[in-house]
Amino acid sequence: MTRPMVGIYFILPATLVLLALIAYPVVYTVLLSTQDAHGHFTGRNYLNVLRLPATRQAFLNLLYYVVVSIVFQLVIGTLVAILLNQKFPGRGVVRSVTLIPWVVPGIVAATTWAWMFHTDFGIINYMLVEAHIIAKPVGWLTDSRTVLPTLVAINVWKGFPFVTVMVLAGLQAIPADLYEAAKVDGASFWEEQWHITLPQVRPVLVAVTLLLLIWGINGITLIYAITRGGPANLSLITPIQIYQLAFESFQFNEAAALSVLLFIVAAIIVAIYLRVIPSSRGDAR
Amino acid sequence: MTKANDAASAPGEPTKRLSPLAATVIAIAAIVLVLVCLFPFAWMALSSIKKLAELFTVPPHWLPSDPTLANYGTVFFTSNIPRYFLNSCIIAAGATIVALALAIFAAYGFARFEFPGKPILQSFVLVGQLLPTAAIIVPLFITLRWMHLINTYWGLILVYTIITLPLSVWMLTSYMRGIPTELEEAAVIDGASRLGVLFRITLPLAVPGVVAVAVFSFVTCWNEYVFALVFAQDQTVKTLPIGLTEFSTEFNTDWGGVMAASMVMTVPVVLLFLAFQKLFVGGLTAGATKG
């Protein structure tokens with residue numbers, strides 16, 4: 001192309017809009033976090049936020065929620081992708097159906113599962129009691145021991161199809177002769193998956209995990225719609241805490257300080273992830 | 001980019017004959033999978049046609065003994081859902097169009113030109129995906145309030161552009177990279193302008209990618225909850241996700257109404273998705289499988 005600068009004109013409008021809508025708010029957040037309500041410089045917001053007992057709990061909850069969700073989403077999503085890559089009648093329909101949990105609105109998933117997990121009238125308690133798996137109804141979303149695992153389960157249900165789509169696309173790109181060579185060597189089905197499939201889809205899994213990590217840290221909808229962080233902050237996660245600080249207590253400056261902290265932690269986690277994992281990305285290809 | 005589309009003849013297909021045992025395992029796994037994915041929707045649909053008293057029976061009835069459309073009556077005639085449905089359509093369509101208009105140019109720029117700073121700009125676009133929503137919600141609120149855009153269609157459309165634009169640019173760029181450049185080069189030699197090339201040659205070829213991006217943007221905006229919660233507090237702009245929460249008060253939830261409204265909100269998305277599924281999956285996976 002003769003005039004390289006032409007490209008800049010094409011990307012300029014989108015870049016300016018993103019600068020205005022993303023870069024500016026980020027700078028503004030940092031500024032807000034260092035000011036008191038009257039606009040004077042202070043470091044107090046950070047101290048106040050860090051001193052709240054809820055902050056620590058929300059962060060630990062977030063860590064648990066994100067990490068456990070991702071592990072299950074990756075394992076289940078990959079297994080389902082392997083299943084959907086086999087030949088069987090009705091495969092097309094099953095592939096479509098599998099994507100539906102991921103496409104439906106998060107709020108719909110949240111309310112429907114909340115209704116199914118209802119302590120007294122929920123279908124899940126009914127089925128489990130009838131099957132003698134539990135002796136009496138469990139307060140899934142109100143009991144301190146079950147609330148976070150239940151929310152993780154709902155999140156896994158909502159998120160695993162995304163892993164499946166991506167991994168399935170990766171599976172379909174694997175050359176068939178790799179499998180044929182393995183078959184000649186007498187490899188079993190699971191040996192094939194472990195030694196051929198997994199290394200081949202590893203780049204996809206790396207990219208998907210990164211997205212899941214970011215979406216997980218961002219994800220407010222499910223928990224906020226179902227429990228609002230309750231009971232007694234047991235399912236409170238940092239994004240919800242920020243939302244509540246800002247729009248329920250109207251402490252914008254402290255909310256901004258917590259936002260900056262979350263952003264730094266998220267950036268560190270993503271940076272560590274990018275440093276540790278992709279070293280093997282090249283040789284996986 | 002069509003790796004996902006030609007599933008039937010994909011090179012990755014295991015080709016061996018299945019033993020009866022393997023076939024049984026696959027059948028059972030597939031049935032369990034379908035049940036797990038669809039059960040909540042079946043239960044939602046069943047609950048939406050039950051009378052209130054029947055929703056609160058112990059043990060729960062699987063099938064409604066006396067099916068009723070009363071919950072849908074409530075949703076359509078006495079709730080604000082119809083208005084919110086309209087709001088959702090306007091806002092999701094608006095944000096999709098704004099993002100597409102910007103993304104088509106940006107994607108063409110990224111896919112076809114080399115210029116200084118391109119890698120940095122490209123990663124900047126992706127950073128839009130990396131930012132925690134919660135981290136920018138406060139300054140956005142203050143800025144929009146200052147611009148008097150809280151509780152307006154334009155306010156939400158602008159905010160949703162933050163979510164849709166980076167993804168649109170990302171997906172469209174990888175789609176346009178997959179389009180051969182020979183035709184464009186010939187047109188340039190014939191004296192066509194760059195814009196002319198984009199609109200007469202590249203864009204028509206990129207229609208599947210554009211449709212995939214449009215569906216993805218629309219569905220994302222339609223489903224969005226947290227921004228709507230903050231930026232749409234008035235009935236004239238509230239969207240469906242917010243409407244869903246209006247069936248619950250602190251002490252009581254009209255579960256029949258919620259389930260009927262959930263159906264109204266879910267069915268369009270699922271239909272849209274099923275209609276464009278192949279394009280959608282192809283567009284989504286193109287970026288990732290090419291790295």
# chains A, B, ... in the order shown; residues from 1 in each chain; ligands from 1
>>> residues_around(residues="Glu182 (chain B)", least_positions_apart="4", cutoff="12 Å", atoms="only C-alpha atoms", output="list in words")
Arg112, Ala186, Ala187, Val188, Ile189, Val197, Ile201 and Thr202 of chain B
>>> write_last_selection(atoms="N, CA and C atoms", output="compact mmCIF listing (two decimals), in the first residue's frame")
# COMPACT_ATOMS: atom_id res chain seq x y z
N ARG B 112 -6.16 -3.88 6.55
CA ARG B 112 -5.57 -3.63 5.24
C ARG B 112 -4.35 -2.72 5.25
N ALA B 186 -6.91 -4.73 -7.70
CA ALA B 186 -7.27 -4.42 -9.09
C ALA B 186 -8.06 -3.12 -9.16
N ALA B 187 -8.99 -2.94 -8.23
CA ALA B 187 -9.82 -1.75 -8.23
C ALA B 187 -8.98 -0.51 -7.97
N VAL B 188 -8.00 -0.63 -7.05
CA VAL B 188 -7.14 0.51 -6.75
C VAL B 188 -6.34 0.89 -8.00
N ILE B 189 -5.84 -0.13 -8.73
CA ILE B 189 -5.09 0.15 -9.95
C ILE B 189 -5.97 0.87 -10.96
N VAL B 197 -13.51 1.37 -2.62
CA VAL B 197 -13.14 -0.04 -2.51
C VAL B 197 -13.83 -0.67 -1.31
N ILE B 201 -16.51 -3.20 -2.69
CA ILE B 201 -15.90 -4.53 -2.82
C ILE B 201 -15.79 -5.25 -1.47
N THR B 202 -15.11 -4.65 -0.51
CA THR B 202 -14.85 -5.36 0.74
C THR B 202 -16.12 -5.60 1.54
>>> closest_atom_pairs(of="region 71-160 of chain B", to="region 216-219 of chain B", cutoff="8 Å", atoms="only C-alpha atoms", output="JSON lines")
{"residue": "B:Ala92", "atom": "CA", "partner": "B:Phe218", "partner_atom": "CA", "distance": 5.2}
{"residue": "B:Ala93", "atom": "CA", "partner": "B:Phe218", "partner_atom": "CA", "distance": 6.2}
{"residue": "B:Ala95", "atom": "CA", "partner": "B:Phe218", "partner_atom": "CA", "distance": 7.7}
{"residue": "B:Thr96", "atom": "CA", "partner": "B:Ser217", "partner_atom": "CA", "distance": 5.5}
>>> atom_distance(atom1="CA of Pro149 (chain A)", atom2="CA of Leu274 (chain A)")
27.7 Å
>>> residues_around(residues="Ile11 (chain A)", least_positions_apart="2", cutoff="10 Å", atoms="only C-alpha atoms", output="list of chain:residue names")
A:Val6, A:Gly7, A:Ile8, A:Tyr9, A:Pro13, A:Ala14, A:Thr15, A:Leu16, B:Leu102, B:Ala103, B:Ile104, B:Phe105, B:Ala106, B:Ala107, B:Tyr108, B:Gly109, B:Phe110, B:Lys118, B:Leu121, B:Gln122, B:Val169
>>> select_by_dssp(residues="region 28-272 of chain B", states="helix (DSSP H, G or I)", output="PyMOL selection string")
chain B and resi 28-48+52-55+70-78+81-112+118-130+133-146+153-177+182-189+194-205+207-223+226-231+240-245+255-272
>>> closest_residue(among="A:Ala109, A:Leu83, A:Leu63, A:Val75", to="Leu38 (chain B)", atoms="only C-alpha atoms")
A:Ala109
>>> closest_atom_pairs(of="region 42-111 of chain A", to="region 173-189 of chain A", cutoff="12 Å", atoms="only C-alpha atoms", output="JSON lines")
{"residue": "A:Ile82", "atom": "CA", "partner": "A:Phe189", "partner_atom": "CA", "distance": 10.8}
{"residue": "A:Leu83", "atom": "CA", "partner": "A:Phe189", "partner_atom": "CA", "distance": 11.8}
{"residue": "A:Asn85", "atom": "CA", "partner": "A:Ala173", "partner_atom": "CA", "distance": 11.3}
{"residue": "A:Gln86", "atom": "CA", "partner": "A:Phe189", "partner_atom": "CA", "distance": 11.5}
